[in-house]
Amino acid sequence: MSILSNILLILGGVTALIGTIGCFKFKDFLSRTHAASVVDSFSTLLIIIALIINSGLSLYSLKLFLILVFLYITGSTAMHALSQAFLKYGSAKGEKK
Amino acid sequence: MIDSYFLVIFILSIAIFVSVLRFIFAEEIYTKILSVNLIGTKIVLLILLSGMAPIMKDFTDIAMVYALINFISTIVILKYYQDKELLK
């Protein structure tokens, strides 16, 4: 059980680093949102599931599960709102549509 | 077990530093909002990881409040810039 938790934790950390480096290296804005959504979906899922496995079944893991559900919903919604705002108004200067 | 915690906290700190560099070198306001959202998500994960120490069990509530404020601030800043663009 502890080995699985360790593997999921390190995979989550590596996924966060990969998404951030992608967000740093890409040129276009929509490609940057694509790379940043990796952090929002994969990294939170892997790290919080690892913490739930490590802490067992209690009120603490219920709170962790609620945080996971909340981060999933709000991360997708924020990325969608950001992309829609860029597609409507984001061709002023610097970044191409 | 505790060594992988320290390793993941170190990796997340490097990722937050790279996001701060993305914020500094951004050209347009949308990339800055994106990087602030990214930093907020990783800080929530960092609070959860440091809350696994045995004396700091109450950090999950702080992480929940942090995630809520992060989402609301992103939406409000986008709404503010949308109104500013519509006034032009």
# chains A, B, ... in the order shown; residues from 1 in each chain; ligands from 1
$ closest_atom_pairs --of "chain A" --to "chain B" --cutoff "9 Å" --atoms "only C-alpha atoms" --output "tab-separated table"
residue	atom	partner	partner_atom	distance
A:Ser2	CA	B:Met1	CA	7.2
A:Ile3	CA	B:Met1	CA	8.5
A:Ser5	CA	B:Met1	CA	8.6
A:Asn6	CA	B:Ser4	CA	6.3
A:Ile7	CA	B:Ser4	CA	8.9
A:Leu9	CA	B:Val8	CA	6.9
A:Ile10	CA	B:Val8	CA	6.2
A:Gly12	CA	B:Val8	CA	8.1
A:Gly13	CA	B:Val8	CA	5.3
A:Val14	CA	B:Ile11	CA	7.3
A:Ala16	CA	B:Ala15	CA	6.9
A:Leu17	CA	B:Ala15	CA	5.3
A:Ile18	CA	B:Ala15	CA	8.6
A:Gly19	CA	B:Ala15	CA	8.7
A:Thr20	CA	B:Ala15	CA	6.0
A:Ile21	CA	B:Val18	CA	7.2
A:Cys23	CA	B:Arg22	CA	7.8
A:Phe24	CA	B:Arg22	CA	5.7
A:Phe29	CA	B:Thr31	CA	6.8
A:Arg32	CA	B:Thr31	CA	8.0
A:Thr33	CA	B:Leu34	CA	7.3
A:Ala36	CA	B:Leu38	CA	6.7
A:Ser37	CA	B:Leu38	CA	8.8
A:Val39	CA	B:Leu38	CA	7.6
A:Asp40	CA	B:Thr41	CA	7.0
A:Ser43	CA	B:Leu45	CA	8.7
A:Thr44	CA	B:Leu45	CA	7.0
A:Ile47	CA	B:Leu45	CA	7.6
A:Ile48	CA	B:Leu45	CA	8.0
A:Leu51	CA	B:Leu49	CA	8.0
A:Ser55	CA	B:Met52	CA	8.5
A:Tyr60	CA	B:Thr60	CA	8.0
A:Lys63	CA	B:Thr60	CA	6.9
A:Leu64	CA	B:Thr60	CA	7.1
A:Leu66	CA	B:Met64	CA	8.4
A:Ile67	CA	B:Met64	CA	6.0
A:Phe70	CA	B:Ala67	CA	7.9
A:Leu71	CA	B:Ala67	CA	6.9
A:Thr74	CA	B:Phe71	CA	6.2
A:Gly75	CA	B:Phe71	CA	7.6
A:Thr77	CA	B:Phe71	CA	8.7
A:Ala78	CA	B:Phe71	CA	6.8
A:Met79	CA	B:Leu34	CA	8.0
A:Ala81	CA	B:Ile75	CA	7.6
A:Leu82	CA	B:Leu78	CA	7.2
A:Ser83	CA	B:Tyr30	CA	8.8
A:Ala85	CA	B:Gln82	CA	7.3
A:Phe86	CA	B:Tyr30	CA	6.9
A:Tyr89	CA	B:Glu85	CA	7.1
A:Gly90	CA	B:Tyr30	CA	7.6
A:Ala92	CA	B:Glu28	CA	8.7
A:Lys93	CA	B:Glu28	CA	7.4
A:Gly94	CA	B:Glu27	CA	6.0
A:Glu95	CA	B:Glu28	CA	6.8
$ write_last_selection --atoms "C-alpha atoms" --output "mmCIF file, in the first residue's frame"
data_model
loop_
_atom_site.group_PDB
_atom_site.id
_atom_site.type_symbol
_atom_site.label_atom_id
_atom_site.label_comp_id
_atom_site.auth_asym_id
_atom_site.auth_seq_id
_atom_site.Cartn_x
_atom_site.Cartn_y
_atom_site.Cartn_z
ATOM 1 C CA SER A 2 2.826 2.374 0.815
ATOM 2 C CA ILE A 3 4.682 1.548 -2.399
ATOM 3 C CA SER A 5 1.213 5.684 -2.579
ATOM 4 C CA ASN A 6 4.872 6.561 -3.188
ATOM 5 C CA ILE A 7 4.584 5.821 -6.909
ATOM 6 C CA LEU A 9 3.016 10.829 -5.330
ATOM 7 C CA ILE A 10 6.150 10.918 -7.483
ATOM 8 C CA GLY A 12 1.989 13.533 -9.551
ATOM 9 C CA GLY A 13 5.051 15.667 -8.889
ATOM 10 C CA VAL A 14 6.607 14.795 -12.251
ATOM 11 C CA ALA A 16 3.169 18.994 -12.325
ATOM 12 C CA LEU A 17 6.727 19.749 -13.469
ATOM 13 C CA ILE A 18 5.967 18.596 -17.049
ATOM 14 C CA GLY A 19 2.850 20.771 -17.282
ATOM 15 C CA THR A 20 4.663 23.808 -15.926
ATOM 16 C CA ILE A 21 7.615 23.439 -18.300
ATOM 17 C CA CYS A 23 3.378 26.228 -20.060
ATOM 18 C CA PHE A 24 6.754 27.982 -20.011
ATOM 19 C CA PHE A 29 -1.727 31.038 -25.544
ATOM 20 C CA ARG A 32 -0.241 27.117 -22.851
ATOM 21 C CA THR A 33 -3.746 26.400 -21.564
ATOM 22 C CA ALA A 36 -1.593 23.990 -17.827
ATOM 23 C CA SER A 37 -4.642 21.733 -17.834
ATOM 24 C CA VAL A 39 -1.493 20.134 -13.893
ATOM 25 C CA ASP A 40 -5.162 20.744 -13.141
ATOM 26 C CA SER A 43 -1.385 16.146 -10.891
ATOM 27 C CA THR A 44 -4.229 16.863 -8.461
ATOM 28 C CA ILE A 47 -1.343 13.407 -5.485
ATOM 29 C CA ILE A 48 -4.720 13.483 -3.682
ATOM 30 C CA LEU A 51 -2.766 10.987 0.167
ATOM 31 C CA SER A 55 -4.364 8.210 5.328
ATOM 32 C CA TYR A 60 -9.702 13.379 6.841
ATOM 33 C CA LYS A 63 -12.116 16.162 3.157
ATOM 34 C CA LEU A 64 -9.367 15.234 0.695
ATOM 35 C CA LEU A 66 -14.094 16.880 -1.448
ATOM 36 C CA ILE A 67 -11.040 18.999 -2.308
ATOM 37 C CA PHE A 70 -13.837 20.826 -6.107
ATOM 38 C CA LEU A 71 -10.466 21.239 -7.851
ATOM 39 C CA THR A 74 -13.283 24.651 -10.796
ATOM 40 C CA GLY A 75 -10.070 23.981 -12.729
ATOM 41 C CA THR A 77 -14.357 25.922 -15.470
ATOM 42 C CA ALA A 78 -11.576 28.471 -14.994
ATOM 43 C CA MET A 79 -9.666 27.181 -18.041
ATOM 44 C CA ALA A 81 -13.619 30.889 -19.039
ATOM 45 C CA LEU A 82 -10.029 31.950 -19.730
ATOM 46 C CA SER A 83 -10.030 30.438 -23.236
ATOM 47 C CA ALA A 85 -12.230 35.425 -22.897
ATOM 48 C CA PHE A 86 -9.072 35.071 -24.989
ATOM 49 C CA TYR A 89 -10.976 39.834 -26.705
ATOM 50 C CA GLY A 90 -7.440 38.513 -26.800
ATOM 51 C CA ALA A 92 -4.867 43.152 -28.952
ATOM 52 C CA LYS A 93 -1.099 42.880 -29.067
ATOM 53 C CA GLY A 94 1.670 40.409 -28.485
ATOM 54 C CA GLU A 95 -0.256 37.160 -28.761
#
$ atom_distance --atom1 "CA of Gly22 (chain A)" --atom2 "CA of Ala35 (chain A)"
5.4 Å
$ closest_residue --among "B:Ile24, B:Leu87, B:Ala53, B:Ile43" --to "Phe6 (chain B)" --atoms "only C-alpha atoms"
B:Ala53
$ atom_distance --atom1 "CA of Ile49 (chain A)" --atom2 "CA of Ser73 (chain B)"
26.4 Å
$ atom_distance --atom1 "CA of Tyr72 (chain A)" --atom2 "CA of Ser41 (chain A)"
6.6 Å
$ decode --residues "chain A" --atoms "C-alpha atoms" --output "mmCIF file, in the first residue's frame"
data_model
loop_
_atom_site.group_PDB
_atom_site.id
_atom_site.type_symbol
_atom_site.label_atom_id
_atom_site.label_comp_id
_atom_site.auth_asym_id
_atom_site.auth_seq_id
_atom_site.Cartn_x
_atom_site.Cartn_y
_atom_site.Cartn_z
ATOM 1 C CA MET A 1 0.000 0.000 0.000
ATOM 2 C CA SER A 2 2.826 2.374 0.815
ATOM 3 C CA ILE A 3 4.682 1.548 -2.399
ATOM 4 C CA LEU A 4 1.593 2.405 -4.472
ATOM 5 C CA SER A 5 1.213 5.684 -2.579
ATOM 6 C CA ASN A 6 4.872 6.561 -3.188
ATOM 7 C CA ILE A 7 4.584 5.821 -6.909
ATOM 8 C CA LEU A 8 1.436 7.936 -7.258
ATOM 9 C CA LEU A 9 3.016 10.829 -5.330
ATOM 10 C CA ILE A 10 6.150 10.918 -7.483
ATOM 11 C CA LEU A 11 4.090 10.579 -10.689
ATOM 12 C CA GLY A 12 1.989 13.533 -9.551
ATOM 13 C CA GLY A 13 5.051 15.667 -8.889
ATOM 14 C CA VAL A 14 6.607 14.795 -12.251
ATOM 15 C CA THR A 15 3.312 15.582 -14.002
ATOM 16 C CA ALA A 16 3.169 18.994 -12.325
ATOM 17 C CA LEU A 17 6.727 19.749 -13.469
ATOM 18 C CA ILE A 18 5.967 18.596 -17.049
ATOM 19 C CA GLY A 19 2.850 20.771 -17.282
ATOM 20 C CA THR A 20 4.663 23.808 -15.926
ATOM 21 C CA ILE A 21 7.615 23.439 -18.300
ATOM 22 C CA GLY A 22 5.150 23.066 -21.178
ATOM 23 C CA CYS A 23 3.378 26.228 -20.060
ATOM 24 C CA PHE A 24 6.754 27.982 -20.011
ATOM 25 C CA LYS A 25 8.009 26.778 -23.398
ATOM 26 C CA PHE A 26 4.977 27.041 -25.688
ATOM 27 C CA LYS A 27 4.566 30.145 -27.839
ATOM 28 C CA ASP A 28 0.787 30.324 -28.289
ATOM 29 C CA PHE A 29 -1.727 31.038 -25.544
ATOM 30 C CA LEU A 30 -4.080 28.142 -26.269
ATOM 31 C CA SER A 31 -1.147 25.721 -26.261
ATOM 32 C CA ARG A 32 -0.241 27.117 -22.851
ATOM 33 C CA THR A 33 -3.746 26.400 -21.564
ATOM 34 C CA HIS A 34 -3.418 22.884 -22.942
ATOM 35 C CA ALA A 35 -0.199 22.387 -20.981
ATOM 36 C CA ALA A 36 -1.593 23.990 -17.827
ATOM 37 C CA SER A 37 -4.642 21.733 -17.834
ATOM 38 C CA VAL A 38 -2.298 18.764 -17.352
ATOM 39 C CA VAL A 39 -1.493 20.134 -13.893
ATOM 40 C CA ASP A 40 -5.162 20.744 -13.141
ATOM 41 C CA SER A 41 -6.310 17.257 -14.107
ATOM 42 C CA PHE A 42 -3.510 14.719 -13.677
ATOM 43 C CA SER A 43 -1.385 16.146 -10.891
ATOM 44 C CA THR A 44 -4.229 16.863 -8.461
ATOM 45 C CA LEU A 45 -5.784 13.456 -9.146
ATOM 46 C CA LEU A 46 -2.547 11.520 -8.574
ATOM 47 C CA ILE A 47 -1.343 13.407 -5.485
ATOM 48 C CA ILE A 48 -4.720 13.483 -3.682
ATOM 49 C CA ILE A 49 -5.389 9.790 -4.409
ATOM 50 C CA ALA A 50 -1.942 9.012 -2.984
ATOM 51 C CA LEU A 51 -2.766 10.987 0.167
ATOM 52 C CA ILE A 52 -6.153 9.214 0.481
ATOM 53 C CA ILE A 53 -4.457 5.804 0.177
ATOM 54 C CA ASN A 54 -1.900 6.806 2.793
ATOM 55 C CA SER A 55 -4.364 8.210 5.328
ATOM 56 C CA GLY A 56 -6.949 5.441 5.252
ATOM 57 C CA LEU A 57 -10.722 5.757 5.488
ATOM 58 C CA SER A 58 -11.679 8.582 7.857
ATOM 59 C CA LEU A 59 -13.086 12.107 7.973
ATOM 60 C CA TYR A 60 -9.702 13.379 6.841
ATOM 61 C CA SER A 61 -9.838 11.380 3.594
ATOM 62 C CA LEU A 62 -13.419 12.577 3.037
ATOM 63 C CA LYS A 63 -12.116 16.162 3.157
ATOM 64 C CA LEU A 64 -9.367 15.234 0.695
ATOM 65 C CA PHE A 65 -11.970 13.719 -1.637
ATOM 66 C CA LEU A 66 -14.094 16.880 -1.448
ATOM 67 C CA ILE A 67 -11.040 18.999 -2.308
ATOM 68 C CA LEU A 68 -10.356 16.702 -5.294
ATOM 69 C CA VAL A 69 -13.925 17.066 -6.623
ATOM 70 C CA PHE A 70 -13.837 20.826 -6.107
ATOM 71 C CA LEU A 71 -10.466 21.239 -7.851
ATOM 72 C CA TYR A 72 -11.669 19.148 -10.801
ATOM 73 C CA ILE A 73 -14.822 21.210 -11.342
ATOM 74 C CA THR A 74 -13.283 24.651 -10.796
ATOM 75 C CA GLY A 75 -10.070 23.981 -12.729
ATOM 76 C CA SER A 76 -11.955 23.003 -15.868
ATOM 77 C CA THR A 77 -14.357 25.922 -15.470
ATOM 78 C CA ALA A 78 -11.576 28.471 -14.994
ATOM 79 C CA MET A 79 -9.666 27.181 -18.041
ATOM 80 C CA HIS A 80 -12.856 27.314 -20.131
ATOM 81 C CA ALA A 81 -13.619 30.889 -19.039
ATOM 82 C CA LEU A 82 -10.029 31.950 -19.730
ATOM 83 C CA SER A 83 -10.030 30.438 -23.236
ATOM 84 C CA GLN A 84 -13.413 31.990 -24.066
ATOM 85 C CA ALA A 85 -12.230 35.425 -22.897
ATOM 86 C CA PHE A 86 -9.072 35.071 -24.989
ATOM 87 C CA LEU A 87 -11.039 34.051 -28.089
ATOM 88 C CA LYS A 88 -13.347 37.051 -27.704
ATOM 89 C CA TYR A 89 -10.976 39.834 -26.705
ATOM 90 C CA GLY A 90 -7.440 38.513 -26.800
ATOM 91 C CA SER A 91 -5.998 39.732 -30.083
ATOM 92 C CA ALA A 92 -4.867 43.152 -28.952
ATOM 93 C CA LYS A 93 -1.099 42.880 -29.067
ATOM 94 C CA GLY A 94 1.670 40.409 -28.485
ATOM 95 C CA GLU A 95 -0.256 37.160 -28.761
ATOM 96 C CA LYS A 96 -1.891 35.956 -31.937
ATOM 97 C CA LYS A 97 -5.380 34.550 -31.915
#
